[in-house]
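What follows is final-v3.pdb (PDB, C-alpha atoms and all ligand atoms).
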```pdb
ATOM      1  CA  MET J   1      -7.825 -12.211  17.906
ATOM      2  CA  LEU J   2      -6.592 -10.035  15.097
ATOM      3  CA  ARG J   3      -8.661  -6.957  14.611
ATOM      4  CA  SER J   4     -11.532  -7.088  12.167
ATOM      5  CA  CYS J   5     -11.171  -5.905   8.585
ATOM      6  CA  ALA J   6     -13.276  -2.859   9.375
ATOM      7  CA  ALA J   7     -11.107  -1.959  12.343
ATOM      8  CA  ARG J   8      -7.919  -2.431  10.327
ATOM      9  CA  LEU J   9      -9.137  -0.224   7.524
ATOM     10  CA  ARG J  10     -10.395   2.396   9.988
ATOM     11  CA  THR J  11      -6.741   2.884  10.835
ATOM     12  CA  LEU J  12      -5.906   3.503   7.200
ATOM     13  CA  VAL J  13      -9.000   5.133   5.760
ATOM     14  CA  ALA J  14      -8.135   8.718   5.809
ATOM     15  CA  ALA J  15      -9.533  11.655   7.627
ATOM     16  CA  PRO J  16     -10.545  14.533   5.343
ATOM     17  CA  ALA J  17      -7.614  15.826   3.329
ATOM     18  CA  ARG J  18      -5.109  18.228   4.884
ATOM     19  CA  ARG J  19      -5.813  17.495   8.543
ATOM     20  CA  PRO J  20      -2.610  17.009  10.508
ATOM     21  CA  GLY J  21      -1.613  13.385  10.979
ATOM     22  CA  PRO J  22      -2.677  11.373  14.003
ATOM     23  CA  VAL J  23      -0.561  11.132  17.115
ATOM     24  CA  TRP J  24       0.644   7.639  17.952
ATOM     25  CA  ARG J  25       2.687   6.246  20.779
ATOM     26  CA  LEU J  26       5.211   3.820  19.384
ATOM     27  CA  PHE J  27       5.946   1.460  22.288
ATOM     28  CA  SER J  28       7.261   4.313  24.396
ATOM     29  CA  SER J  29       6.107   7.486  26.047
ATOM     30  CA  GLU J  30       7.315   9.423  23.004
ATOM     31  CA  LYS J  31       4.492  11.013  21.020
ATOM     32  CA  VAL J  32       5.018  11.158  17.279
ATOM     33  CA  VAL J  33       2.927  13.204  14.867
ATOM     34  CA  HIS J  34       2.789  11.258  11.666
ATOM     35  CA  LYS J  35       2.781  12.825   8.258
ATOM     36  CA  ASP J  36       0.153  11.419   5.917
ATOM     37  CA  TYR J  37       2.013  10.651   2.680
ATOM     38  CA  GLY J  38      -1.229  10.084   0.772
ATOM     39  CA  LEU J  39      -1.764  13.818   0.478
ATOM     40  CA  PRO J  40      -0.400  16.209  -2.175
ATOM     41  CA  ASN J  41       3.073  17.653  -1.669
ATOM     42  CA  PRO J  42       5.079  20.106  -3.818
ATOM     43  CA  SER J  43       6.682  17.280  -5.828
ATOM     44  CA  TRP J  44       3.317  16.137  -7.180
ATOM     45  CA  SER J  45       2.851  16.918 -10.871
ATOM     46  CA  LYS J  46      -0.241  18.523 -12.341
ATOM     47  CA  ASP J  47      -1.378  15.105 -13.618
ATOM     48  CA  LEU J  48      -1.175  13.578 -10.151
ATOM     49  CA  ARG J  49      -2.991  16.492  -8.538
ATOM     50  CA  LEU J  50      -5.762  16.374 -11.164
ATOM     51  CA  LEU J  51      -6.295  12.647 -10.678
ATOM     52  CA  PHE J  52      -6.172  13.066  -6.897
ATOM     53  CA  ASP J  53      -8.915  15.719  -7.114
ATOM     54  CA  GLN J  54     -11.020  13.476  -9.367
ATOM     55  CA  PHE J  55     -10.800  10.591  -6.909
ATOM     56  CA  MET J  56     -11.480  12.849  -3.924
ATOM     57  CA  LYS J  57     -14.723  13.800  -5.704
ATOM     58  CA  LYS J  58     -15.583  10.107  -6.013
ATOM     59  CA  CYS J  59     -15.118   9.836  -2.239
ATOM     60  CA  GLU J  60     -17.892  12.321  -1.571
ATOM     61  CA  ASP J  61     -20.714   9.752  -1.851
ATOM     62  CA  GLY J  62     -18.771   7.260   0.276
ATOM     63  CA  SER J  63     -18.247   4.700  -2.506
ATOM     64  CA  TRP J  64     -14.477   5.355  -2.527
ATOM     65  CA  LYS J  65     -12.169   6.038   0.404
ATOM     66  CA  ARG J  66      -8.748   7.569   0.335
ATOM     67  CA  LEU J  67      -6.230   5.601   2.370
ATOM     68  CA  SER J  68      -3.885   7.497   4.595
ATOM     69  CA  SER J  69      -0.290   6.338   4.440
ATOM     70  CA  TYR J  70       2.520   6.630   6.964
ATOM     71  CA  ARG J  71       6.212   5.871   7.214
ATOM     72  CA  GLN J  72       5.629   3.777  10.280
ATOM     73  CA  ASN J  73       2.785   1.397  10.934
ATOM     74  CA  PRO J  74       0.119   2.335  13.460
ATOM     75  CA  THR J  75       0.847   1.066  16.971
ATOM     76  CA  ARG J  76      -2.067  -1.368  16.885
ATOM     77  CA  VAL J  77      -0.844  -2.939  13.630
ATOM     78  CA  LEU J  78       2.646  -3.256  15.098
ATOM     79  CA  LYS J  79       1.283  -4.874  18.239
ATOM     80  CA  ASP J  80      -0.824  -7.363  16.259
ATOM     81  CA  PHE J  81       2.229  -8.385  14.295
ATOM     82  CA  GLN J  82       4.580  -8.338  17.267
ATOM     83  CA  THR J  83       2.323 -10.634  19.231
ATOM     84  CA  ARG J  84       1.244 -12.978  16.471
ATOM     85  CA  PHE J  85       3.837 -13.160  13.785
ATOM     86  CA  VAL J  86       7.153 -11.491  14.567
ATOM     87  CA  ASP J  87      10.004 -13.705  15.672
ATOM     88  CA  PRO J  88      11.763 -12.013  18.627
ATOM     89  CA  ARG J  89      15.006 -13.789  17.702
ATOM     90  CA  PHE J  90      15.250 -11.589  14.611
ATOM     91  CA  MET J  91      13.355  -8.423  15.456
ATOM     92  CA  LYS J  92      13.272  -6.676  18.807
ATOM     93  CA  GLU J  93      10.380  -4.477  19.911
ATOM     94  CA  GLU J  94      12.559  -1.378  19.784
ATOM     95  CA  GLN J  95      13.674  -2.166  16.220
ATOM     96  CA  MET J  96      10.038  -2.679  15.196
ATOM     97  CA  SER J  97       9.183   0.798  16.387
ATOM     98  CA  LYS J  98      11.968   2.255  14.204
ATOM     99  CA  ALA J  99      11.208   0.262  11.072
ATOM    100  CA  GLN J 100       9.847   2.213   8.102
ATOM    101  CA  GLN J 101       7.650   1.330   5.157
ATOM    102  CA  PHE J 102      10.020   0.778   2.244
ATOM    103  CA  THR J 103       7.973   2.854  -0.208
ATOM    104  CA  ARG J 104       7.803   5.817   2.195
ATOM    105  CA  SER J 105      11.495   5.917   3.024
ATOM    106  CA  PHE J 106      12.610   8.168   0.170
ATOM    107  CA  GLU J 107      13.055  11.919   0.147
ATOM    108  CA  GLU J 108       9.999  13.765  -1.104
ATOM    109  CA  GLY J 109       9.586  13.380  -4.867
ATOM    110  CA  LEU J 110      12.560  11.060  -5.429
ATOM    111  CA  GLY J 111      10.962   7.694  -4.814
ATOM    112  CA  PHE J 112       7.388   6.482  -4.707
ATOM    113  CA  GLU J 113       4.823   9.280  -4.662
ATOM    114  CA  TYR J 114       1.389   7.716  -4.499
ATOM    115  CA  VAL J 115      -2.049   7.725  -3.019
ATOM    116  CA  MET J 116      -4.527   4.841  -2.867
ATOM    117  CA  PHE J 117      -8.293   4.809  -3.068
ATOM    118  CA  TYR J 118     -10.412   1.834  -2.038
ATOM    119  CA  ASN J 119     -13.845   0.761  -3.224
ATOM    120  CA  LYS J 120     -15.190  -1.851  -0.808
ATOM    121  CA  VAL J 121     -18.177  -2.931  -2.922
ATOM    122  CA  GLU J 122     -16.000  -3.527  -5.977
ATOM    123  CA  ARG J 123     -13.138  -4.943  -3.834
ATOM    124  CA  ARG J 124     -10.925  -2.621  -5.820
ATOM    125  CA  MET J 125      -7.849  -0.564  -4.976
ATOM    126  CA  VAL J 126      -6.580   2.192  -7.255
ATOM    127  CA  CYS J 127      -3.134   3.655  -6.749
ATOM    128  CA  LEU J 128      -2.148   6.919  -8.430
ATOM    129  CA  PHE J 129       1.617   6.610  -8.750
ATOM    130  CA  GLN J 130       4.307   9.081  -9.765
ATOM    131  CA  SER J 131       7.815   7.638  -9.955
ATOM    132  CA  GLY J 132      10.767   9.707  -8.758
ATOM    133  CA  LEU J 133      14.274  10.084 -10.198
ATOM    134  CA  HIS J 134      15.727   7.499  -7.799
ATOM    135  CA  LEU J 135      13.568   4.709  -9.208
ATOM    136  CA  GLN J 136      15.391   4.540 -12.529
ATOM    137  CA  GLY J 137      16.283   1.236 -14.153
ATOM    138  CA  VAL J 138      17.044   1.506 -17.861
ATOM    139  CA  PRO J 139      17.885   5.199 -18.440
ATOM    140  CA  GLY J 140      14.703   7.245 -18.557
ATOM    141  CA  TYR J 141      12.449   4.434 -17.356
ATOM    142  CA  VAL J 142      11.233   3.011 -14.073
ATOM    143  CA  HIS J 143      13.136   0.021 -12.629
ATOM    144  CA  GLY J 144      11.219  -3.275 -12.937
ATOM    145  CA  GLY J 145      11.724  -3.919  -9.223
ATOM    146  CA  ALA J 146      10.135  -0.571  -8.400
ATOM    147  CA  ILE J 147       7.188  -1.498 -10.626
ATOM    148  CA  ALA J 148       6.920  -4.855  -8.844
ATOM    149  CA  THR J 149       7.002  -2.985  -5.543
ATOM    150  CA  ILE J 150       4.141  -0.645  -6.345
ATOM    151  CA  ILE J 151       2.129  -3.623  -7.645
ATOM    152  CA  ASP J 152       2.890  -5.599  -4.477
ATOM    153  CA  VAL J 153       1.918  -2.697  -2.247
ATOM    154  CA  THR J 154      -1.320  -1.963  -4.118
ATOM    155  CA  THR J 155      -2.450  -5.572  -4.477
ATOM    156  CA  GLY J 156      -1.281  -6.048  -0.860
ATOM    157  CA  MET J 157      -3.500  -3.275   0.426
ATOM    158  CA  CYS J 158      -6.395  -4.685  -1.649
ATOM    159  CA  ALA J 159      -5.850  -8.050   0.071
ATOM    160  CA  TYR J 160      -5.227  -6.480   3.478
ATOM    161  CA  ALA J 161      -8.716  -4.978   3.330
ATOM    162  CA  GLU J 162      -9.993  -8.564   3.580
ATOM    163  CA  GLY J 163      -7.592  -9.959   6.129
ATOM    164  CA  VAL J 164      -3.971  -9.888   7.210
ATOM    165  CA  ALA J 165      -2.227 -11.571   4.317
ATOM    166  CA  MET J 166       1.197 -11.903   2.725
ATOM    167  CA  THR J 167       2.227 -12.197  -0.894
ATOM    168  CA  ALA J 168       2.707 -15.839  -1.855
ATOM    169  CA  ASN J 169       3.031 -15.315  -5.593
ATOM    170  CA  LEU J 170       3.403 -12.387  -7.959
ATOM    171  CA  ASN J 171       3.371 -12.692 -11.775
ATOM    172  CA  ILE J 172       4.164  -9.644 -13.847
ATOM    173  CA  ASP J 173       3.986  -8.984 -17.582
ATOM    174  CA  TYR J 174       6.000  -5.867 -18.389
ATOM    175  CA  LYS J 175       4.361  -4.815 -21.648
ATOM    176  CA  LYS J 176       5.754  -1.301 -22.139
ATOM    177  CA  PRO J 177       8.403   0.577 -20.167
ATOM    178  CA  ILE J 178       7.064   3.232 -17.799
ATOM    179  CA  PRO J 179       8.685   6.658 -18.383
ATOM    180  CA  LEU J 180      10.454   7.884 -15.258
ATOM    181  CA  CYS J 181       8.622  10.722 -13.465
ATOM    182  CA  SER J 182       5.368  10.000 -15.283
ATOM    183  CA  VAL J 183       2.076   9.383 -13.504
ATOM    184  CA  VAL J 184       0.349   6.042 -13.961
ATOM    185  CA  VAL J 185      -2.770   4.400 -12.607
ATOM    186  CA  VAL J 186      -2.427   1.051 -10.832
ATOM    187  CA  ASN J 187      -5.766  -0.721 -10.755
ATOM    188  CA  CYS J 188      -6.252  -3.851  -8.617
ATOM    189  CA  GLN J 189      -9.226  -6.020  -7.837
ATOM    190  CA  ILE J 190      -9.852  -9.211  -5.897
ATOM    191  CA  SER J 191     -10.735 -11.681  -8.625
ATOM    192  CA  ASN J 192     -11.324 -14.764  -6.511
ATOM    193  CA  THR J 193     -11.030 -16.142  -3.007
ATOM    194  CA  GLU J 194     -10.528 -19.779  -1.978
ATOM    195  CA  GLY J 195     -10.256 -20.409   1.733
ATOM    196  CA  ARG J 196      -7.319 -18.306   2.951
ATOM    197  CA  LYS J 197      -6.210 -17.534  -0.625
ATOM    198  CA  LEU J 198      -6.938 -14.158  -2.192
ATOM    199  CA  PHE J 199      -6.325 -13.801  -5.918
ATOM    200  CA  VAL J 200      -5.780 -10.240  -7.084
ATOM    201  CA  SER J 201      -5.536  -8.955 -10.647
ATOM    202  CA  CYS J 202      -3.715  -5.777 -11.502
ATOM    203  CA  SER J 203      -2.984  -3.473 -14.423
ATOM    204  CA  ILE J 204      -0.967  -0.305 -14.834
ATOM    205  CA  GLN J 205      -2.129   2.226 -17.398
ATOM    206  CA  SER J 206      -1.272   5.724 -18.499
ATOM    207  CA  VAL J 207      -3.438   8.553 -17.214
ATOM    208  CA  ASP J 208      -5.246   8.814 -20.588
ATOM    209  CA  GLU J 209      -5.795   5.004 -20.461
ATOM    210  CA  LYS J 210      -4.271   4.683 -23.957
ATOM    211  CA  THR J 211      -1.189   2.766 -22.856
ATOM    212  CA  LEU J 212      -1.239  -0.498 -20.955
ATOM    213  CA  TYR J 213       2.190  -0.718 -19.305
ATOM    214  CA  THR J 214       1.886  -3.727 -17.081
ATOM    215  CA  GLU J 215      -0.409  -6.583 -16.162
ATOM    216  CA  ALA J 216      -0.034  -8.734 -13.085
ATOM    217  CA  THR J 217      -1.698 -11.318 -10.927
ATOM    218  CA  ALA J 218      -0.957 -11.865  -7.278
ATOM    219  CA  LEU J 219      -1.804 -14.502  -4.739
ATOM    220  CA  PHE J 220      -2.054 -13.458  -1.099
ATOM    221  CA  VAL J 221      -2.518 -15.970   1.678
ATOM    222  CA  LYS J 222      -4.265 -14.834   4.833
ATOM    223  CA  LEU J 223      -2.047 -15.538   7.786
ATOM    224  CA  ASP J 224      -3.015 -18.312  10.142
ATOM    225  CA  PRO J 225      -2.464 -16.946  13.668
ATOM    226  CA  ASP J 226      -1.755 -20.453  14.933
ATOM    227  CA  LYS J 227       1.151 -20.937  12.507
ATOM    228  CA  ARG J 228       4.647 -19.555  12.935
ATOM    229  CA  LEU J 229       6.014 -17.567   9.990
ATOM    230  CA  THR J 230       9.648 -18.460  10.650
TER     231      THR J 230
HETATM  232  C1  LIG T   1       0.149  -7.543   3.703
HETATM  233  C2  LIG T   1       0.822  -7.207   4.946
HETATM  234  C3  LIG T   1       0.142  -6.198   5.698
HETATM  235  C4  LIG T   1       0.942  -5.419   6.665
HETATM  236  C5  LIG T   1       0.161  -4.556   7.550
HETATM  237  C6  LIG T   1       0.516  -3.154   7.500
HETATM  238  C7  LIG T   1      -0.637  -2.242   7.479
HETATM  239  C8  LIG T   1      -0.508  -1.025   6.695
HETATM  240  C9  LIG T   1       0.827  -0.758   6.145
HETATM  241  C10 LIG T   1       0.978  -0.854   4.690
HETATM  242  C11 LIG T   1       1.144  -2.280   4.139
HETATM  243  C12 LIG T   1       1.513  -2.279   2.752
HETATM  244  C13 LIG T   1       1.195  -3.598   2.115
HETATM  245  C14 LIG T   1       2.434  -4.222   1.767
HETATM  246  C15 LIG T   1       2.226  -5.447   0.969
HETATM  247  C16 LIG T   1       3.504  -6.107   0.808
HETATM  248  C17 LIG T   1       3.318  -7.556   1.075
HETATM  249  C18 LIG T   1       4.635  -8.215   1.184
HETATM  250  O1  LIG T   1       5.630  -7.756   0.732
HETATM  251  S1  LIG T   1       4.662  -9.692   1.982
HETATM  252  C19 LIG T   1       6.406 -10.151   1.865
HETATM  253  C20 LIG T   1       6.660 -11.190   0.842
HETATM  254  N1  LIG T   1       5.994 -12.404   1.152
HETATM  255  C21 LIG T   1       6.519 -13.300   2.018
HETATM  256  O2  LIG T   1       7.584 -13.121   2.560
HETATM  257  C22 LIG T   1       5.692 -14.511   2.288
HETATM  258  C23 LIG T   1       6.546 -15.749   2.519
HETATM  259  N2  LIG T   1       5.706 -16.928   2.526
HETATM  260  C24 LIG T   1       5.043 -17.314   3.652
HETATM  261  O3  LIG T   1       5.247 -16.775   4.731
HETATM  262  C25 LIG T   1       4.050 -18.422   3.524
HETATM  263  O4  LIG T   1       4.330 -19.204   2.400
HETATM  264  C26 LIG T   1       2.595 -17.874   3.419
HETATM  265  C27 LIG T   1       2.226 -17.118   4.697
HETATM  266  C28 LIG T   1       2.418 -16.983   2.202
HETATM  267  C29 LIG T   1       1.646 -19.071   3.282
HETATM  268  O5  LIG T   1       1.972 -19.996   4.283
HETATM  269  P1  LIG T   1       0.839 -20.773   5.090
HETATM  270  O6  LIG T   1      -0.051 -19.837   5.790
HETATM  271  O7  LIG T   1       1.560 -21.800   5.881
HETATM  272  O8  LIG T   1       0.006 -21.409   3.910
HETATM  273  P2  LIG T   1      -0.073 -22.940   3.443
HETATM  274  O9  LIG T   1       1.256 -23.472   3.045
HETATM  275  O10 LIG T   1      -0.865 -23.688   4.470
HETATM  276  O11 LIG T   1      -0.938 -22.745   2.113
HETATM  277  C30 LIG T   1      -2.247 -22.226   2.150
HETATM  278  C31 LIG T   1      -2.774 -22.314   0.743
HETATM  279  O12 LIG T   1      -2.026 -21.402  -0.094
HETATM  280  C32 LIG T   1      -1.410 -22.104  -1.164
HETATM  281  N3  LIG T   1      -0.105 -21.492  -1.421
HETATM  282  C33 LIG T   1       0.813 -21.097  -0.518
HETATM  283  N4  LIG T   1       1.875 -20.560  -1.145
HETATM  284  C34 LIG T   1       1.599 -20.616  -2.470
HETATM  285  C35 LIG T   1       2.299 -20.196  -3.630
HETATM  286  N5  LIG T   1       3.482 -19.605  -3.560
HETATM  287  N6  LIG T   1       1.729 -20.407  -4.826
HETATM  288  C36 LIG T   1       0.511 -20.980  -4.934
HETATM  289  N7  LIG T   1      -0.213 -21.378  -3.851
HETATM  290  C37 LIG T   1       0.333 -21.207  -2.657
HETATM  291  C38 LIG T   1      -1.274 -23.546  -0.679
HETATM  292  O13 LIG T   1      -1.187 -24.450  -1.745
HETATM  293  C39 LIG T   1      -2.581 -23.676   0.110
HETATM  294  O14 LIG T   1      -3.636 -23.874  -0.799
HETATM  295  P3  LIG T   1      -4.849 -24.879  -0.472
HETATM  296  O15 LIG T   1      -4.217 -26.202  -0.208
HETATM  297  O16 LIG T   1      -5.513 -24.331   0.762
HETATM  298  O17 LIG T   1      -5.718 -24.859  -1.689
END
```

How does the structure come out when it is put into structure tokens?
Amino acid sequence: MLRSCAARLRTLVAAPARRPGPVWRLFSSEKVVHKDYGLPNPSWSKDLRLLFDQFMKKCEDGSWKRLSSYRQNPTRVLKDFQTRFVDPRFMKEEQMSKAQQFTRSFEEGLGFEYVMFYNKVERRMVCLFQSGLHLQGVPGYVHGGAIATIIDVTTGMCAYAEGVAMTANLNIDYKKPIPLCSVVVVNCQISNTEGRKLFVSCSIQSVDEKTLYTEATALFVKLDPDKRLT
């Protein structure tokens, strides 16, 4: 059976800030110390650090949890997927162990700098996101595909807290362009569930909440372990 929601999130819910990353074995005897990308680094702006500190405060009573975030998936997640859903014709075990999360594959500060916080009771995921210079679309603004990506990842993690699911549908209203290098708040919440379907609503706002940049809805479908994906 796939691991329970609690077990899956235990992998991602972070240890206290600034501890070194966990050590995983990725299908070999090689030990890898993983950097937690959901912690401040020198590229983080003052706005991002301030918001991070505010959310860390909210974590103190246990209502919110910071999610740790790694370039490579934890071994147990990889194994779940390898066994249940990955087609060996397309992806070999060794390739799986080298694959990287798209949003964590950029040099520090140039791509997606973000940290997520989860509130289980509210079924809500908040992502504090600072775009880097390599995410430009129209000059001076964030590429629409990069915006779709951060929405997909945040709504995806919100859904993943409830079960292993994939995006089936994503609808985005781009209301105002997001200035490149600015910090925005991506706010997602499960709005409804029907069987294996998880409906997630999402908005992106400026830090002062005065500007609504984007609204989106997403449908995630929990994977059926008895069904092939390909
Ligand atoms: C999230 C992944 C987690 C990874 C773990 C890693 C852990 C930590 C690492 C960080 C992860 C970061 C999260 C990243 C999130 C990114 C997610 C992606 O990009 S994913 C990549 C991009 N996504 C993909 O590549 C997914 C490609 N698509 C698929 O593989 C499949 O279509 C499926 C799995 C989504 C559903 O298949 P199947 O299980 O066979 O489902 P059925 O046909 O039986 O339908 C069941 C019900 O759903 C309805 N319904 C279905 N579709 C739609 C729709 N479009 N419109 C409306 N409705 C739809 C359908 O009508 C039915 O309703 P009802 O009759 O019960 O009322």

Just so the selection is clear, what residues does the PyMOL selection byres (((not hetatm)) within 8 of (chain T and resi 1)) cover here, as a PDB file with C-alpha atoms, keeping the file's coordinate frame?
```
ATOM      1  CA  ARG J   8      -7.919  -2.431  10.327  1.00  0.00           C
ATOM      2  CA  LEU J  12      -5.906   3.503   7.200  1.00  0.00           C
ATOM      3  CA  SER J  69      -0.290   6.338   4.440  1.00  0.00           C
ATOM      4  CA  TYR J  70       2.520   6.630   6.964  1.00  0.00           C
ATOM      5  CA  GLN J  72       5.629   3.777  10.280  1.00  0.00           C
ATOM      6  CA  ASN J  73       2.785   1.397  10.934  1.00  0.00           C
ATOM      7  CA  PRO J  74       0.119   2.335  13.460  1.00  0.00           C
ATOM      8  CA  VAL J  77      -0.844  -2.939  13.630  1.00  0.00           C
ATOM      9  CA  LEU J  78       2.646  -3.256  15.098  1.00  0.00           C
ATOM     10  CA  GLN J 101       7.650   1.330   5.157  1.00  0.00           C
ATOM     11  CA  THR J 149       7.002  -2.985  -5.543  1.00  0.00           C
ATOM     12  CA  ASP J 152       2.890  -5.599  -4.477  1.00  0.00           C
ATOM     13  CA  VAL J 153       1.918  -2.697  -2.247  1.00  0.00           C
ATOM     14  CA  THR J 154      -1.320  -1.963  -4.118  1.00  0.00           C
ATOM     15  CA  THR J 155      -2.450  -5.572  -4.477  1.00  0.00           C
ATOM     16  CA  GLY J 156      -1.281  -6.048  -0.860  1.00  0.00           C
ATOM     17  CA  MET J 157      -3.500  -3.275   0.426  1.00  0.00           C
ATOM     18  CA  ALA J 159      -5.850  -8.050   0.071  1.00  0.00           C
ATOM     19  CA  TYR J 160      -5.227  -6.480   3.478  1.00  0.00           C
ATOM     20  CA  VAL J 164      -3.971  -9.888   7.210  1.00  0.00           C
ATOM     21  CA  ALA J 165      -2.227 -11.571   4.317  1.00  0.00           C
ATOM     22  CA  MET J 166       1.197 -11.903   2.725  1.00  0.00           C
ATOM     23  CA  THR J 167       2.227 -12.197  -0.894  1.00  0.00           C
ATOM     24  CA  ALA J 168       2.707 -15.839  -1.855  1.00  0.00           C
ATOM     25  CA  ASN J 169       3.031 -15.315  -5.593  1.00  0.00           C
ATOM     26  CA  GLU J 194     -10.528 -19.779  -1.978  1.00  0.00           C
ATOM     27  CA  GLY J 195     -10.256 -20.409   1.733  1.00  0.00           C
ATOM     28  CA  ARG J 196      -7.319 -18.306   2.951  1.00  0.00           C
ATOM     29  CA  LYS J 197      -6.210 -17.534  -0.625  1.00  0.00           C
ATOM     30  CA  LEU J 219      -1.804 -14.502  -4.739  1.00  0.00           C
ATOM     31  CA  PHE J 220      -2.054 -13.458  -1.099  1.00  0.00           C
ATOM     32  CA  VAL J 221      -2.518 -15.970   1.678  1.00  0.00           C
ATOM     33  CA  LYS J 222      -4.265 -14.834   4.833  1.00  0.00           C
ATOM     34  CA  LEU J 223      -2.047 -15.538   7.786  1.00  0.00           C
ATOM     35  CA  ASP J 224      -3.015 -18.312  10.142  1.00  0.00           C
ATOM     36  CA  LYS J 227       1.151 -20.937  12.507  1.00  0.00           C
ATOM     37  CA  LEU J 229       6.014 -17.567   9.990  1.00  0.00           C
ATOM     38  CA  THR J 230       9.648 -18.460  10.650  1.00  0.00           C
TER      39      THR J 230
END
```

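Using all atoms listed in the file, the smallest distance between any of J:Val121, J:Val186, J:Ala216, J:Leu110 and Ala161 (chain J) comes from J:Val121.
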
In Å, with one decimal, what is the gap from CA of Leu51 (chain J) to CA of Asn187 (chain J)?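 Between CA of Leu51 (chain J) and CA of Asn187 (chain J) the gap is 13.4 Å.
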
With all atoms listed in the file as the basis for distance, which of J:Leu212, J:Arg228, J:Ile151, J:Leu39 is at the shortest distance from Asp53 (chain J)? J:Leu39

Considering all atoms listed in the file, can you say which of J:Asn119, J:Thr211, J:Ser97, J:Gln136 comes closest to Cys188 (chain J)? J:Asn119

In Å, with one decimal, what is the gap from CA of Asn192 (chain J) to CA of Arg123 (chain J)?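 Separation of CA of Asn192 (chain J) and CA of Arg123 (chain J): 10.3 Å.
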
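Between CA of Ser43 (chain J) and CA of Glu108 (chain J) the separation is 6.8 Å.
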
Of the residues J:Phe90, J:Gln82, J:Arg49, J:Cys181, which is the one nearest to Pro139 (chain J), using all atoms listed in the file?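 Of J:Phe90, J:Gln82, J:Arg49, J:Cys181, the one nearest Pro139 (chain J), counting all atoms listed in the file, is J:Cys181.
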
Report the residues retrieved by the PyMOL selection byres (((chain J and resi 140) around 10) and not hetatm) from the displayed file, expressed as a tab-separated table (two decimals) with C-alpha atoms, in the frame of the given file.
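Result went into out34.tsv, see below:
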```tsv
chain	number	residue	atom	x	y	z
J	133	LEU	CA	14.27	10.08	-10.20
J	135	LEU	CA	13.57	4.71	-9.21
J	136	GLN	CA	15.39	4.54	-12.53
J	137	GLY	CA	16.28	1.24	-14.15
J	138	VAL	CA	17.04	1.51	-17.86
J	139	PRO	CA	17.89	5.20	-18.44
J	141	TYR	CA	12.45	4.43	-17.36
J	142	VAL	CA	11.23	3.01	-14.07
J	143	HIS	CA	13.14	0.02	-12.63
J	177	PRO	CA	8.40	0.58	-20.17
J	178	ILE	CA	7.06	3.23	-17.80
J	179	PRO	CA	8.68	6.66	-18.38
J	180	LEU	CA	10.45	7.88	-15.26
J	181	CYS	CA	8.62	10.72	-13.46
```

Which of these, J:Cys59, J:Val184, J:Ile190, J:Cys202, has the shortest distance to Asp47 (chain J) once you count all atoms listed in the file?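 Looking at the shortest contact to Asp47 (chain J), the residue is J:Val184.
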
Pick from J:Tyr118, J:Leu128, J:Gln95, J:Val86, whichever lies nearest to Pro40 (chain J) using all atoms listed in the file: J:Leu128

Got a minute to add N, CA and C atoms to region 187-198 of chain J and dump it as a PDB file, in the coordinates of the input?
```pdb
ATOM      1  N   ASN J 187      -4.388  -0.332 -11.027  1.00  0.00           N
ATOM      2  CA  ASN J 187      -5.766  -0.721 -10.755  1.00  0.00           C
ATOM      3  C   ASN J 187      -5.798  -2.184 -10.322  1.00  0.00           C
ATOM      4  N   CYS J 188      -6.256  -2.469  -9.126  1.00  0.00           N
ATOM      5  CA  CYS J 188      -6.252  -3.851  -8.617  1.00  0.00           C
ATOM      6  C   CYS J 188      -7.631  -4.251  -8.155  1.00  0.00           C
ATOM      7  N   GLN J 189      -7.926  -5.531  -8.278  1.00  0.00           N
ATOM      8  CA  GLN J 189      -9.226  -6.020  -7.837  1.00  0.00           C
ATOM      9  C   GLN J 189      -9.091  -7.470  -7.380  1.00  0.00           C
ATOM     10  N   ILE J 190      -9.807  -7.801  -6.318  1.00  0.00           N
ATOM     11  CA  ILE J 190      -9.852  -9.211  -5.897  1.00  0.00           C
ATOM     12  C   ILE J 190     -10.639  -9.960  -6.963  1.00  0.00           C
ATOM     13  N   SER J 191     -10.022 -10.962  -7.565  1.00  0.00           N
ATOM     14  CA  SER J 191     -10.735 -11.681  -8.625  1.00  0.00           C
ATOM     15  C   SER J 191     -11.366 -12.960  -8.099  1.00  0.00           C
ATOM     16  N   ASN J 192     -10.796 -13.505  -7.023  1.00  0.00           N
ATOM     17  CA  ASN J 192     -11.324 -14.764  -6.511  1.00  0.00           C
ATOM     18  C   ASN J 192     -10.796 -14.991  -5.089  1.00  0.00           C
ATOM     19  N   THR J 193     -11.550 -15.716  -4.308  1.00  0.00           N
ATOM     20  CA  THR J 193     -11.030 -16.142  -3.007  1.00  0.00           C
ATOM     21  C   THR J 193     -11.318 -17.630  -2.839  1.00  0.00           C
ATOM     22  N   GLU J 194     -10.347 -18.338  -2.266  1.00  0.00           N
ATOM     23  CA  GLU J 194     -10.528 -19.779  -1.978  1.00  0.00           C
ATOM     24  C   GLU J 194      -9.936 -20.026  -0.607  1.00  0.00           C
ATOM     25  N   GLY J 195     -10.766 -20.232   0.365  1.00  0.00           N
ATOM     26  CA  GLY J 195     -10.256 -20.409   1.733  1.00  0.00           C
ATOM     27  C   GLY J 195      -9.441 -19.192   2.142  1.00  0.00           C
ATOM     28  N   ARG J 196      -8.172 -19.427   2.531  1.00  0.00           N
ATOM     29  CA  ARG J 196      -7.319 -18.306   2.951  1.00  0.00           C
ATOM     30  C   ARG J 196      -6.656 -17.611   1.767  1.00  0.00           C
ATOM     31  N   LYS J 197      -6.893 -18.104   0.544  1.00  0.00           N
ATOM     32  CA  LYS J 197      -6.210 -17.534  -0.625  1.00  0.00           C
ATOM     33  C   LYS J 197      -7.014 -16.398  -1.260  1.00  0.00           C
ATOM     34  N   LEU J 198      -6.322 -15.317  -1.522  1.00  0.00           N
ATOM     35  CA  LEU J 198      -6.938 -14.158  -2.192  1.00  0.00           C
ATOM     36  C   LEU J 198      -6.202 -13.942  -3.506  1.00  0.00           C
TER      37      LEU J 198
END
```
